[in-house]
Every structure is written in C-alpha cells, then in structure tokens.
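**Q** Input structure: data13.cif, which contains mmCIF, C-alpha atoms.
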data_input
#
loop_
_atom_site.label_atom_id
_atom_site.label_comp_id
_atom_site.auth_asym_id
_atom_site.auth_seq_id
_atom_site.Cartn_x
_atom_site.Cartn_y
_atom_site.Cartn_z
CA MET R 1 67.54 3.79 -98.08
CA LYS R 2 68.85 6.68 -96.00
CA LYS R 3 66.79 9.06 -98.10
CA PHE R 4 63.64 7.02 -97.36
CA LEU R 5 64.28 7.06 -93.64
CA LEU R 6 64.84 10.82 -93.70
CA LEU R 7 61.55 11.34 -95.54
CA LEU R 8 59.72 9.08 -93.04
CA ALA R 9 61.14 10.98 -90.08
CA ALA R 10 60.14 14.28 -91.63
CA ALA R 11 56.58 13.02 -92.14
CA VAL R 12 56.32 11.90 -88.51
CA LEU R 13 57.59 15.28 -87.28
CA ALA R 14 55.10 17.09 -89.51
CA ALA R 15 52.20 14.99 -88.22
CA ALA R 16 53.22 15.65 -84.62
CA ALA R 17 53.48 19.37 -85.27
CA PHE R 18 50.00 19.42 -86.84
CA PHE R 19 48.54 17.54 -83.86
CA LEU R 20 50.03 19.98 -81.36
CA TYR R 21 48.77 22.92 -83.42
CA SER R 22 45.23 21.52 -83.49
CA LEU R 23 45.22 21.20 -79.70
CA ALA R 24 46.33 24.79 -79.30
CA THR R 25 43.52 26.11 -81.51
CA VAL R 26 40.58 24.23 -79.84
CA GLU R 27 38.09 26.85 -78.46
CA LEU R 28 36.94 26.43 -74.92
CA PRO R 29 33.36 27.54 -74.06
CA GLU R 30 33.19 31.13 -72.93
CA MET R 31 32.29 31.86 -69.32
CA ASN R 32 29.32 34.14 -68.83
CA ALA R 33 29.88 37.17 -66.69
CA GLY R 34 28.88 36.51 -63.13
CA SER R 35 28.71 32.73 -63.60
CA PRO R 36 30.52 30.46 -61.14
CA ALA R 37 34.15 29.82 -62.03
CA SER R 38 33.50 26.08 -62.09
CA SER R 39 30.67 26.33 -64.65
CA TYR R 40 31.49 25.65 -68.31
CA GLY R 41 29.03 25.63 -71.19
CA ASP R 42 26.01 23.46 -70.45
CA VAL R 43 27.62 21.69 -67.51
CA ALA R 44 25.68 22.65 -64.38
CA PRO R 45 27.59 23.16 -61.14
CA ILE R 46 27.16 20.46 -58.50
CA GLN R 47 24.86 21.61 -55.74
CA SER R 48 24.76 20.06 -52.29
CA GLN R 49 21.39 18.70 -51.17
CA PRO R 50 20.10 19.72 -47.72
CA GLU R 51 19.81 16.86 -45.25
CA SER R 52 16.28 15.81 -44.42
CA VAL R 53 15.35 16.58 -40.83
CA SER R 54 12.55 14.67 -39.09
CA SER R 55 9.99 16.82 -37.31
CA PRO R 56 10.52 16.63 -33.54
CA GLY R 57 7.80 16.18 -30.94
CA SER R 58 5.21 14.51 -33.13
CA GLU R 59 1.94 13.85 -31.32
CA PRO R 60 1.01 10.26 -30.38
CA GLU R 61 -1.45 8.61 -32.73
CA ALA R 62 -4.87 7.44 -31.61
CA SER R 63 -4.83 3.77 -30.67
CA ALA R 64 -7.43 1.33 -31.94
CA GLU R 65 -6.78 -1.24 -29.22
CA PRO R 66 -6.79 -0.57 -25.45
CA VAL R 67 -3.44 -0.49 -23.67
CA SER R 68 -2.58 -1.24 -20.06
CA ASP R 69 -0.65 1.96 -19.29
CA LEU R 70 -0.70 5.70 -19.91
CA SER R 71 2.60 5.89 -21.77
CA PHE R 72 0.89 7.97 -24.49
CA LEU R 73 0.65 10.83 -21.95
CA SER R 74 3.50 13.15 -21.00
CA GLU R 75 4.87 13.07 -17.46
CA GLU R 76 2.94 16.23 -16.55
CA GLN R 77 -0.30 14.81 -17.98
CA ARG R 78 0.12 11.51 -16.12
CA ASP R 79 0.83 13.38 -12.90
CA VAL R 80 -2.28 15.58 -13.03
CA PHE R 81 -4.48 12.58 -13.88
CA ALA R 82 -3.00 10.61 -10.96
CA GLN R 83 -3.77 13.54 -8.64
CA ALA R 84 -7.36 13.55 -9.91
CA GLN R 85 -7.68 9.85 -9.11
CA ASP R 86 -6.40 10.51 -5.59
CA THR R 87 -9.33 12.88 -4.96
CA VAL R 88 -11.98 10.24 -5.71
CA LEU R 89 -12.25 9.12 -2.06
CA TYR R 90 -13.46 12.51 -0.83
CA LEU R 91 -15.15 13.79 -3.97
CA SER R 92 -17.46 10.78 -3.80
CA ASP R 93 -17.98 11.23 -0.03
CA PRO R 94 -16.83 14.70 1.11
CA CYS R 95 -16.65 13.70 4.79
CA ASN R 96 -13.82 11.32 3.89
CA LEU R 97 -11.67 14.44 3.67
CA MET R 98 -11.37 14.27 7.47
CA LEU R 99 -9.42 11.02 6.97
CA ARG R 100 -6.74 12.75 4.93
CA GLU R 101 -3.45 13.09 6.79
CA GLY R 102 -3.37 16.36 8.73
CA ASN R 103 -7.17 16.67 8.89
CA ALA R 104 -9.82 15.92 11.48
CA ALA R 105 -13.59 16.24 11.89
CA GLY R 106 -15.10 19.34 13.46
CA ASP R 107 -18.65 20.30 14.37
CA GLU R 108 -21.69 19.60 12.21
CA VAL R 109 -23.71 22.43 10.69
CA GLN R 110 -26.97 22.66 8.71
CA LEU R 111 -26.88 24.54 5.40
CA ASP R 112 -29.95 24.75 3.14
CA GLY R 113 -31.46 21.72 4.81
CA LYS R 114 -28.34 19.59 4.39
CA SER R 115 -25.83 18.42 6.97
CA TYR R 116 -22.20 19.49 6.62
CA LEU R 117 -19.16 18.64 8.69
CA PHE R 118 -16.43 21.17 9.36
CA ILE R 119 -12.98 19.95 8.34
CA THR R 120 -10.20 21.03 10.67
CA GLY R 121 -6.46 20.88 10.13
CA GLN R 122 -4.59 21.14 6.84
CA ASP R 123 -7.67 21.65 4.64
CA GLU R 124 -9.80 23.77 6.98
CA ASN R 125 -9.46 26.94 4.87
CA TYR R 126 -12.03 26.77 2.07
CA GLU R 127 -10.25 29.06 -0.42
CA ASP R 128 -6.94 27.23 -0.02
CA PHE R 129 -8.63 23.86 -0.53
CA ARG R 130 -10.48 25.08 -3.61
CA ALA R 131 -7.27 26.53 -5.04
CA ARG R 132 -5.59 23.13 -4.62
CA MET R 133 -8.44 21.52 -6.53
CA LEU R 134 -7.94 24.05 -9.34
CA ASP R 135 -4.33 22.88 -9.56
CA ILE R 136 -5.84 19.58 -10.76
CA PHE R 137 -9.21 20.33 -12.40
CA THR R 138 -10.60 23.11 -14.55
CA GLU R 139 -13.36 25.31 -13.16
CA SER R 140 -15.89 23.73 -15.52
CA CYS R 141 -14.90 20.25 -14.37
CA LEU R 142 -15.43 21.17 -10.71
CA THR R 143 -18.83 22.59 -11.62
CA GLY R 144 -19.76 19.37 -13.41
CA MET R 145 -18.88 17.38 -10.28
CA ASP R 146 -21.07 19.62 -8.03
CA PHE R 147 -18.00 20.73 -6.10
CA ASP R 148 -19.71 23.84 -4.69
CA LEU R 149 -22.56 21.70 -3.35
CA ARG R 150 -20.28 19.08 -1.82
CA PHE R 151 -17.97 21.63 -0.22
CA ARG R 152 -19.16 24.92 1.27
CA SER R 153 -17.52 27.93 2.84
CA VAL R 154 -18.77 29.02 6.26
CA GLU R 155 -16.96 32.17 7.35
CA GLY R 156 -13.95 30.96 5.37
CA LYS R 157 -13.98 27.51 6.96
CA LEU R 158 -14.39 24.36 4.86
CA ALA R 159 -17.58 22.36 5.41
CA ALA R 160 -18.02 18.96 3.74
CA LEU R 161 -21.39 17.49 2.81
CA VAL R 162 -22.45 14.55 4.98
CA GLY R 163 -23.30 11.55 2.84
CA GLY R 164 -21.84 10.39 -0.41
CA VAL R 165 -22.14 8.04 -3.34
CA GLY R 166 -21.56 4.33 -2.83
CA SER R 167 -18.91 2.57 -4.87
CA ALA R 168 -19.66 -0.06 -7.50
CA VAL R 169 -19.44 -3.40 -5.71
CA SER R 170 -19.13 -5.10 -9.08
CA TYR R 171 -15.88 -3.27 -9.91
CA ALA R 172 -13.47 -6.08 -10.76
CA GLU R 173 -9.96 -6.61 -9.44
CA CYS R 174 -8.71 -6.17 -12.97
CA PRO R 175 -6.53 -3.22 -13.99
CA ASP R 176 -8.19 -0.48 -16.00
CA THR R 177 -7.15 -0.14 -19.62
CA TYR R 178 -6.94 2.94 -21.82
CA ARG R 179 -7.46 3.95 -25.43
CA LEU R 180 -6.11 7.21 -26.83
CA GLU R 181 -8.74 9.02 -28.90
CA SER R 182 -6.99 12.25 -29.90
CA ALA R 183 -4.04 14.40 -28.86
CA ASP R 184 -2.57 17.77 -29.77
CA ASP R 185 -0.82 20.64 -28.01
CA SER R 186 -4.03 21.87 -26.37
CA THR R 187 -6.18 18.80 -25.63
CA VAL R 188 -5.74 15.10 -24.98
CA THR R 189 -8.77 12.82 -24.92
CA PHE R 190 -8.66 9.16 -24.00
CA THR R 191 -11.07 6.45 -22.92
CA LEU R 192 -10.74 4.76 -19.54
CA ILE R 193 -12.16 1.23 -19.60
CA GLY R 194 -13.37 -0.16 -16.28
CA HIS R 195 -13.97 -3.88 -15.74
CA TYR R 196 -16.88 -5.36 -13.80
CA ILE R 197 -17.79 -8.80 -12.51
CA GLU R 198 -21.07 -10.26 -11.25
CA GLN R 199 -21.69 -13.43 -9.30
CA TRP R 200 -23.46 -15.98 -11.46
CA PRO R 201 -26.75 -17.42 -10.11
CA VAL R 202 -25.30 -20.93 -9.85
CA GLU R 203 -21.88 -19.76 -8.62
CA THR R 204 -20.84 -20.32 -5.01
CA ASP R 205 -19.34 -17.48 -2.99
CA THR R 206 -15.99 -19.24 -2.92
CA ALA R 207 -15.97 -19.79 -6.67
CA PHE R 208 -16.95 -16.16 -7.29
CA LEU R 209 -14.29 -14.74 -4.97
CA THR R 210 -11.68 -17.01 -6.53
CA ARG R 211 -12.66 -15.90 -10.01
CA ARG R 212 -12.66 -12.26 -8.94
CA ALA R 213 -9.25 -12.51 -7.28
CA GLY R 214 -7.88 -14.05 -10.46
CA GLY R 215 -8.65 -10.90 -12.44
CA ALA R 216 -11.71 -12.20 -14.28
CA PHE R 217 -14.45 -9.84 -15.45
CA ASP R 218 -17.84 -10.13 -17.15
CA SER R 219 -18.33 -6.70 -18.69
CA THR R 220 -16.69 -3.32 -19.28
CA LYS R 221 -17.76 0.32 -19.21
CA GLU R 222 -16.06 3.16 -21.04
CA PHE R 223 -15.46 6.63 -19.59
CA THR R 224 -14.12 9.70 -21.39
CA ILE R 225 -11.18 11.54 -19.82
CA ARG R 226 -10.13 14.90 -21.22
CA LEU R 227 -7.05 16.94 -20.32
CA VAL R 228 -6.57 20.53 -21.47
CA ASN R 229 -3.49 22.71 -21.59
CA THR R 230 -4.14 25.96 -19.70
CA GLU R 231 -1.91 28.95 -18.99
CA ALA R 232 -1.14 27.31 -15.63
CA GLY R 233 -0.37 23.89 -17.13
CA TRP R 234 -2.33 20.72 -17.89
CA ARG R 235 -5.63 20.26 -16.06
CA VAL R 236 -8.37 17.60 -16.03
CA ASP R 237 -11.40 18.98 -17.86
CA GLU R 238 -13.58 15.86 -17.88
CA PHE R 239 -13.23 13.19 -15.23
CA HIS R 240 -14.87 9.88 -14.36
CA SER R 241 -14.09 7.04 -12.00
CA PRO R 242 -15.07 3.44 -12.82
CA LEU R 243 -15.30 2.82 -9.06
CA TYR R 244 -18.07 5.44 -8.80
CA PRO R 245 -19.84 5.30 -12.18
CA GLY R 246 -23.01 6.80 -10.72
CA MET R 247 -21.31 10.06 -9.76
CA PHE R 248 -18.50 10.83 -12.18
#
Before anything else, please render the file you have as structure tokens.
**A**
Amino acid sequence: MKKFLLLLAAAVLAAAAFFLYSLATVELPEMNAGSPASSYGDVAPIQSQPESVSSPGSEPEASAEPVSDLSFLSEEQRDVFAQAQDTVLYLSDPCNLMLREGNAAGDEVQLDGKSYLFITGQDENYEDFRARMLDIFTESCLTGMDFDLRFRSVEGKLAALVGGVGSAVSYAECPDTYRLESADDSTVTFTLIGHYIEQWPVETDTAFLTRRAGGAFDSTKEFTIRLVNTEAGWRVDEFHSPLYPGMF
C-alpha cells in the first residue's frame, strides 16, 4: 500500500513538473522594431477617437413661413435696418427733415425749376448729412432712392426738395411680418410683408375703423430688403417701406 502511494505521489510530481516546463517554453510573439511596446502580434493598439466638434456660427436657414420678428438678423443687422426705417419720414418728404430734433426750416431756393428748402441746425451741412446716410445705406441704394435729387448742396448747405410722396392710406394697423430668403457672411435677403385694408362698399365708417383697429387686413404686399456686409460694416443695399409703396 505504501509503495502504491509513493508511486502515485511521484506521478503527480512528474505531471506538475511537465506542466511548469511547458509554460516556460511557450513562445511569445516577437515585437517588431519600432512598434509600440503595447502591440503584440496581430493585436492592434487602442487608439483614442477625436471628439466631434459642431461647427460654430452656422447661418440661419431660409424660412418658408413669415415670422413676426427679425430674430434671424444679428444685432448689427437689426440696428442698421431700424435706422433705415427711421429715415422714411424725410426720405419720402425731404422737407420733413426740418422737423427732426435740432433742425429748422430756412429760406426757399429754386434749383432746376424745383423748389428746395434750406435745412438749418444739426443737418445743415450737406456733406455731413450725406455721410450719415452712408452709415446706413450703400451708395447704390441712395442712388436708387433719388437721394441726390431729393437733397441738394448749395454752397455746402443742405437743401431739401419741397413736396413728397403720400403714404398709403390703406396701410393696416397690423404689424409687418418677415420671411428670410437667404443669408451668408456677405449678404442677407429677406421679404418684408406689409398688410393693407380697404373699406368695403357696404361697410360703415364705424365698422371699418373698428375692424382696422382690431388688426384686420384684406391684402398683403411683399417687399425685398437686402443687407450687405461692407468694409465699414453692414449696410442696407435695397430698401422699401410698406407705408410708401409708391416710392421705395
């Protein structure tokens, strides 16, 4: 019995020795010269993936439906368009410039068979006034609005044309709406939609005025507005006013 146990123990020890020997003789894959220390055989090293970065400052997309505000414009673009709208009163009737704060009416003068009124005060210098307009509009836009016919220089003094364009009496008390057509770093084009209302043949004055005051309208007209990015900043390059559709 003891002999059997001794033989069994010897067999177990021999098997263990063989197992340890086999582990010691297993060949590991050779590393290629210049390969990363963590790369073995066909196992590729783990590579980190770069994080995706969204492109900043993407341009607003053209809108199919009109919107009630100009949020698709930048602050600078909204500001220059608002300044353009503020000029409508005296671009439509140049003599209204005398009503601007700091101005007054001067003498009347005849130029090329037309009557002009000298503007005194803040805007009496023609070149300064024209330069202020070029802070809002492009040269081509001023030309398209007959600026140099409506405002003349007489010995450096500003003279405003007497007589203007009447406003559209059918312009409704309904806020304008807007539709973005295209936008990039150099040009923004959008549509201004004006609303108009007419008194119906069978409608009383009271009923019409009530309907008008409530924001009702019967028709719309669309006007293209274009802003361009110049070396001096954004300027209005095409301008229209729904209040004066016959002029702008």
**Q** Could you tell me which residues the PyMOL selection byres ((chain R and resi 109) around 10) grabs in this file, written as JSON, numbers by chain?
**A** {"R": [106, 107, 108, 110, 111, 113, 114, 115, 116, 117, 118, 154, 159, 160, 161, 162]}
**Q** Can you pull out every residue within 10 Å of region 195-206 of chain R, counting all atoms listed in the file, but drop anything in the same chain fewer than 3 positions away, and send it as a list in words?
**A**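 In the requested format, the answer is Ala168, Val169, Ser170, Tyr171, Ala172, Glu173, Cys174, Pro175, Asp176, Thr177, Leu192, Leu209, Thr210, Arg211, Arg212, Gly215, Ala216, Phe217, Asp218, Ser219, Thr220, Lys221, Glu222, Pro242 and Leu243 of chain R.
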**Q** Go ahead and compute the interatomic distance for CA of Asp93 (chain R) and CA of Arg150 (chain R), in Å to one decimal.
**A** 8.4 Å
**Q** Give me the result of the PyMOL selection byres ((chain R and resi 66-79) around 6) on this file, residue by residue, as a ChimeraX atom specification.
**A** /R:65,80-82,177-179
**Q** May I have the selected residues written with C-alpha atoms, as a PDB file, keeping the file's coordinate frame?
**A**
ATOM      1  CA  GLU R  65      -6.780  -1.240 -29.220  1.00  0.00           C
ATOM      2  CA  VAL R  80      -2.280  15.580 -13.030  1.00  0.00           C
ATOM      3  CA  PHE R  81      -4.480  12.580 -13.880  1.00  0.00           C
ATOM      4  CA  ALA R  82      -3.000  10.610 -10.960  1.00  0.00           C
ATOM      5  CA  THR R 177      -7.150  -0.140 -19.620  1.00  0.00           C
ATOM      6  CA  TYR R 178      -6.940   2.940 -21.820  1.00  0.00           C
ATOM      7  CA  ARG R 179      -7.460   3.950 -25.430  1.00  0.00           C
TER       8      ARG R 179
END
**Q** For Leu89 (chain R), which of R:Gly166, R:Gly121, R:Gly144, R:Gly102 is the closest residue, counting only C-alpha atoms?
**A**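 Of all the options, R:Gly166 lies closest to Leu89 (chain R).
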**Q** What gap, in Å, lies between CA of Asp135 (chain R) and CA of Glu181 (chain R)?
**A**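 According to the coordinates, CA of Asp135 (chain R) and CA of Glu181 (chain R) are separated by 24.2 Å.
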**Q** If I take CA of Leu99 (chain R) and CA of Ser140 (chain R), how far is one from the other in Å, to one decimal?
**A**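 Going from CA of Leu99 (chain R) over to CA of Ser140 (chain R) covers 26.6 Å.
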**Q** Convert the output of the PyMOL selection byres ((chain R and resi 185) around 9) on the shown file into explicit residues, formatted as a compact mmCIF listing (two decimals) with C-alpha atoms, in the coordinates of the input.
**A**
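Final output, part_19.txt:
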# COMPACT_ATOMS: atom_id res chain seq x y z
CA GLU R 59 1.94 13.85 -31.32
CA ALA R 183 -4.04 14.40 -28.86
CA ASP R 184 -2.57 17.77 -29.77
CA SER R 186 -4.03 21.87 -26.37
CA THR R 187 -6.18 18.80 -25.63
CA VAL R 188 -5.74 15.10 -24.98
CA VAL R 228 -6.57 20.53 -21.47
CA ASN R 229 -3.49 22.71 -21.59
**Q** Using all atoms listed in the file, which residue out of R:Ala105, R:Ile193, R:Met145, R:Ile225 lies closest to Gly246 (chain R)?
**A**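 Looking only at the distances to Gly246 (chain R), the closest residue turns out to be R:Met145.
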